[in-house]
Each structure stands twice: as structure tokens, then as C-alpha cells.
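Input: a single structure, listed below in C-alpha cells.
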Amino acid sequence: DAKTTQPPSMDCAEGRAANLPCNHSTISGNEYVYWYRQIHSQGPQYIIHGLKNNETNEMASLIITEDRKSSTLILPHATLRDTAVYYCIVRDVTGGYQKVTFGTGTKLQVIP
Amino acid sequence: DTAVSQTPKYLVTQMGNDKSIKCEQNLGHDTMYWYKQDSKKFLKIMFSYNNKELIINETVPNRFSPKSPDKAHLNLHINSLELGDSAVYFCASSLFPIPGQRTELFFGSGTQLSVL
């Protein structure tokens, strides 16, 4: 799996948009970008994923640059419950199995 | 209903003991995983099984032995526990990964293992 680089921590005011960047400059054409988050002491939770196009679901939006070397996860209206560690992962399944490797992530603190 | 459940939630034991952690998923998934999260919060994959067959085995001491009696269960047995085994162990499951198909991981709530 391609390696990802994320800032170690970010703050966001409650109610504002949280924009979490991720660099994955060595991503290959068949690798997906996945985002997970881990709220303190819980298991990681899937947020969203994409290949080339921007994606949106009920939790977040994912913006992937045209060259696919970076992406941004957007939480449109951050709440205190969004305080968590956010992991950006690139994943290849062409080998017939997936090995989801977590990096160090970004610790997002939502401030009241 | 809990999708991926692990037991026990907490496990405190002495060095040298043997212990097991159980995991069950009711999502109908083919593939299950064990992850270890150490005190520095790094989350590392240990094993993955697909339909009871081991498909990923990272560099894990052979004191750790996963067992999958059926595709809904993946248990982790640890022999001769050491201080360094203290960590949170997470079980996860997913559909069998196919290109183009969404195959995110669903995690259990973790087992906090403390070796004294």
C-alpha cells in the first residue's frame, strides 16, 4: 500500500468545517483512498472512500486532486463528537486480498 | 445487535500465562482480521483470514495463534504472555475485497490486554 502523510494534529471550532489533508504522492492507479476515524478507546470507524471522483455521504465529503496525489476530508459542520484521530489510507486489492495499513493519523480536536 | 463483538473487553493476567480473545461477526463477511494497537497508538495488522484460510500473517511471534472455526469467528490465542504483549487488540471484518467494490473494515470495540 502507498504511504500517506497527514498532519499530526488540528483544531477546529465547533460548527465550522474541518478540512483534513492527506498526501499520498506514490498512489497507483488502482489504489483507493479510504478514511477512517477512531474516537477515544473505540474501534476505528469507516467514514468514506474514493478512487478519482469527489465523494459525499452523510458523514463527510472527500475531495481528491486530479493527479490523485493528495486528498482532503471535509466534515462540514464539526461537532464535539467529531473529536477523534482521523486516518487516511490508500488500499490496493488487486492482489486478491487487502492489507489495510494505518499510519499515525491526524488528531482532530473540536473546540466549543 | 453488535456487528463485530469481542470478548473479553478487559483482560489482566500474569506473565507466562496463556489467554484467548474471541471475536464474532454477524455481518455475513468472508474476511476477518486481528489488529494490535500499542501504547503509542500505532494500529498494526497481525492476521487476516478469508473463509477460514489464513491469507495475511505479518511478522508476529508464533506465540500468537489465530483460529477460525468458521467464517463468522476468528479467535486469538496467545501463549506465554510477555509484558510487551500489553496492548489493545481489535478484531475486524469485511467483505472479500474485490476491485471496485466497497470493502471497508468493521471493527470490534477492542480488548485491553494488560500483562503484569
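Scheme for the C-alpha cells: letters A, B, ... for chains in order shown; per-chain residue numbers from 1; ligand numbers from 1 in order shown.
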- Message: Using only C-alpha atoms, I'd like every residue of chain A that has an atom within 10 Å of chain B; please write them out as a PyMOL selection string.
- Response: chain A and resi 30-32+34-36+41-51+85+92-105
- Item | Non-local contacts of segment 63-68 of chain A (8 Å; only C-alpha atoms; under 6 positions in same chain excluded) as a ChimeraX atom specification | /A:24-25,27,50-55,74
With C-alpha atoms retained, write the just-selected residues as a PDB file, in the first residue's frame.
ATOM      1  CA  HIS A  24      -0.344  10.128  -0.991  1.00  0.00           C
ATOM      2  CA  SER A  25       2.099  11.056  -3.734  1.00  0.00           C
ATOM      3  CA  ILE A  27      -0.519   6.254  -5.069  1.00  0.00           C
ATOM      4  CA  GLY A  50     -12.957   7.266  -3.320  1.00  0.00           C
ATOM      5  CA  LEU A  51     -10.850   6.469  -6.358  1.00  0.00           C
ATOM      6  CA  LYS A  52     -10.825   9.530  -8.616  1.00  0.00           C
ATOM      7  CA  ASN A  53     -14.017  11.480  -8.190  1.00  0.00           C
ATOM      8  CA  ASN A  54     -15.084  13.555  -5.240  1.00  0.00           C
ATOM      9  CA  GLU A  55     -17.448  11.736  -2.931  1.00  0.00           C
ATOM     10  CA  ILE A  74     -14.230  17.626   4.926  1.00  0.00           C
TER      11      ILE A  74
END
- Message: Residues within 12 Å of Leu20 of chain A, please, as a PyMOL selection string. Count only C-alpha atoms; anything in the same chain fewer than 3 positions from it doesn't count.
- Response: chain A and resi 5-12+17+23+35-37+60-64+70-76+78+84-88+105-109
I'd like the contact shell of Lys71 of chain B - 9 Å cut-off, only C-alpha atoms, skipping same-chain residues fewer than 2 positions apart - returned as a PDB file with N, CA, C and O atoms, in the first residue's frame.
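Wrote result-v9.pdb, looks like this:
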ATOM      1  N   GLU B  24     -16.491 -12.486  17.062  1.00  0.00           N
ATOM      2  CA  GLU B  24     -17.585 -12.987  16.239  1.00  0.00           C
ATOM      3  C   GLU B  24     -18.183 -11.844  15.443  1.00  0.00           C
ATOM      4  O   GLU B  24     -18.319 -10.736  15.964  1.00  0.00           O
ATOM      5  N   GLN B  25     -18.529 -12.097  14.187  1.00  0.00           N
ATOM      6  CA  GLN B  25     -19.219 -11.068  13.397  1.00  0.00           C
ATOM      7  C   GLN B  25     -20.496 -11.652  12.821  1.00  0.00           C
ATOM      8  O   GLN B  25     -20.526 -12.804  12.395  1.00  0.00           O
ATOM      9  N   GLY B  28     -22.101 -11.393   7.963  1.00  0.00           N
ATOM     10  CA  GLY B  28     -22.019 -12.257   6.800  1.00  0.00           C
ATOM     11  C   GLY B  28     -20.749 -12.039   5.979  1.00  0.00           C
ATOM     12  O   GLY B  28     -20.695 -12.396   4.801  1.00  0.00           O
ATOM     13  N   HIS B  29     -19.729 -11.452   6.596  1.00  0.00           N
ATOM     14  CA  HIS B  29     -18.486 -11.171   5.888  1.00  0.00           C
ATOM     15  C   HIS B  29     -17.646 -12.434   5.723  1.00  0.00           C
ATOM     16  O   HIS B  29     -17.748 -13.387   6.490  1.00  0.00           O
ATOM     17  N   ASP B  30     -16.790 -12.380   4.669  1.00  0.00           N
ATOM     18  CA  ASP B  30     -15.910 -13.513   4.387  1.00  0.00           C
ATOM     19  C   ASP B  30     -14.563 -13.397   5.085  1.00  0.00           C
ATOM     20  O   ASP B  30     -13.869 -14.383   5.265  1.00  0.00           O
ATOM     21  N   THR B  31     -14.162 -12.171   5.381  1.00  0.00           N
ATOM     22  CA  THR B  31     -12.790 -11.909   5.782  1.00  0.00           C
ATOM     23  C   THR B  31     -12.743 -11.278   7.161  1.00  0.00           C
ATOM     24  O   THR B  31     -13.529 -10.376   7.458  1.00  0.00           O
ATOM     25  N   MET B  32     -11.832 -11.774   7.983  1.00  0.00           N
ATOM     26  CA  MET B  32     -11.685 -11.243   9.342  1.00  0.00           C
ATOM     27  C   MET B  32     -10.215 -10.969   9.620  1.00  0.00           C
ATOM     28  O   MET B  32      -9.322 -11.541   8.996  1.00  0.00           O
ATOM     29  N   TYR B  49      -7.919 -13.635   7.853  1.00  0.00           N
ATOM     30  CA  TYR B  49      -8.452 -14.912   7.402  1.00  0.00           C
ATOM     31  C   TYR B  49      -9.560 -14.639   6.388  1.00  0.00           C
ATOM     32  O   TYR B  49     -10.359 -13.722   6.541  1.00  0.00           O
ATOM     33  N   ASN B  50      -9.611 -15.476   5.369  1.00  0.00           N
ATOM     34  CA  ASN B  50     -10.725 -15.432   4.433  1.00  0.00           C
ATOM     35  C   ASN B  50     -11.339 -16.822   4.370  1.00  0.00           C
ATOM     36  O   ASN B  50     -10.652 -17.787   4.008  1.00  0.00           O
ATOM     37  N   ASN B  51     -12.605 -16.919   4.744  1.00  0.00           N
ATOM     38  CA  ASN B  51     -13.282 -18.227   4.751  1.00  0.00           C
ATOM     39  C   ASN B  51     -12.443 -19.301   5.449  1.00  0.00           C
ATOM     40  O   ASN B  51     -12.213 -20.378   4.909  1.00  0.00           O
ATOM     41  N   LYS B  52     -11.976 -18.984   6.608  1.00  0.00           N
ATOM     42  CA  LYS B  52     -11.214 -19.876   7.495  1.00  0.00           C
ATOM     43  C   LYS B  52      -9.779 -20.123   7.040  1.00  0.00           C
ATOM     44  O   LYS B  52      -9.056 -20.885   7.652  1.00  0.00           O
ATOM     45  N   GLU B  53      -9.362 -19.471   5.957  1.00  0.00           N
ATOM     46  CA  GLU B  53      -7.998 -19.678   5.466  1.00  0.00           C
ATOM     47  C   GLU B  53      -7.141 -18.461   5.777  1.00  0.00           C
ATOM     48  O   GLU B  53      -7.538 -17.320   5.500  1.00  0.00           O
ATOM     49  N   SER B  68      -9.773 -19.953  13.232  1.00  0.00           N
ATOM     50  CA  SER B  68     -11.057 -19.579  12.648  1.00  0.00           C
ATOM     51  C   SER B  68     -11.898 -20.829  12.459  1.00  0.00           C
ATOM     52  O   SER B  68     -11.758 -21.535  11.460  1.00  0.00           O
ATOM     53  N   PRO B  69     -12.781 -21.145  13.423  1.00  0.00           N
ATOM     54  CA  PRO B  69     -13.597 -22.355  13.298  1.00  0.00           C
ATOM     55  C   PRO B  69     -14.627 -22.272  12.172  1.00  0.00           C
ATOM     56  O   PRO B  69     -14.999 -23.290  11.596  1.00  0.00           O
ATOM     57  N   HIS B  73     -16.223 -16.442  12.898  1.00  0.00           N
ATOM     58  CA  HIS B  73     -15.442 -16.383  14.131  1.00  0.00           C
ATOM     59  C   HIS B  73     -13.946 -16.391  13.838  1.00  0.00           C
ATOM     60  O   HIS B  73     -13.477 -17.132  12.966  1.00  0.00           O
ATOM     61  N   LEU B  74     -13.221 -15.547  14.561  1.00  0.00           N
ATOM     62  CA  LEU B  74     -11.761 -15.558  14.496  1.00  0.00           C
ATOM     63  C   LEU B  74     -11.245 -15.285  15.899  1.00  0.00           C
ATOM     64  O   LEU B  74     -11.395 -14.185  16.422  1.00  0.00           O
TER      65      LEU B  74
END
- Residue list (strand (DSSP E or B), DSSP) for segment 3-110 of chain B, as a count of residues only: 58
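Across the model, the gap from atom CA of Ser114 of chain B to atom CA of Ser86 of chain B is 4.7 Å.
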- d(atom CA of Val4 of chain B, atom CA of Ile21 of chain B) in Å: 13.0 Å
- Message: So the first atom is atom CA of Lys19 of chain B and the second is atom CA of Ala72 of chain B; what is the distance between them in Å, to one decimal place?
- Response: 20.4 Å
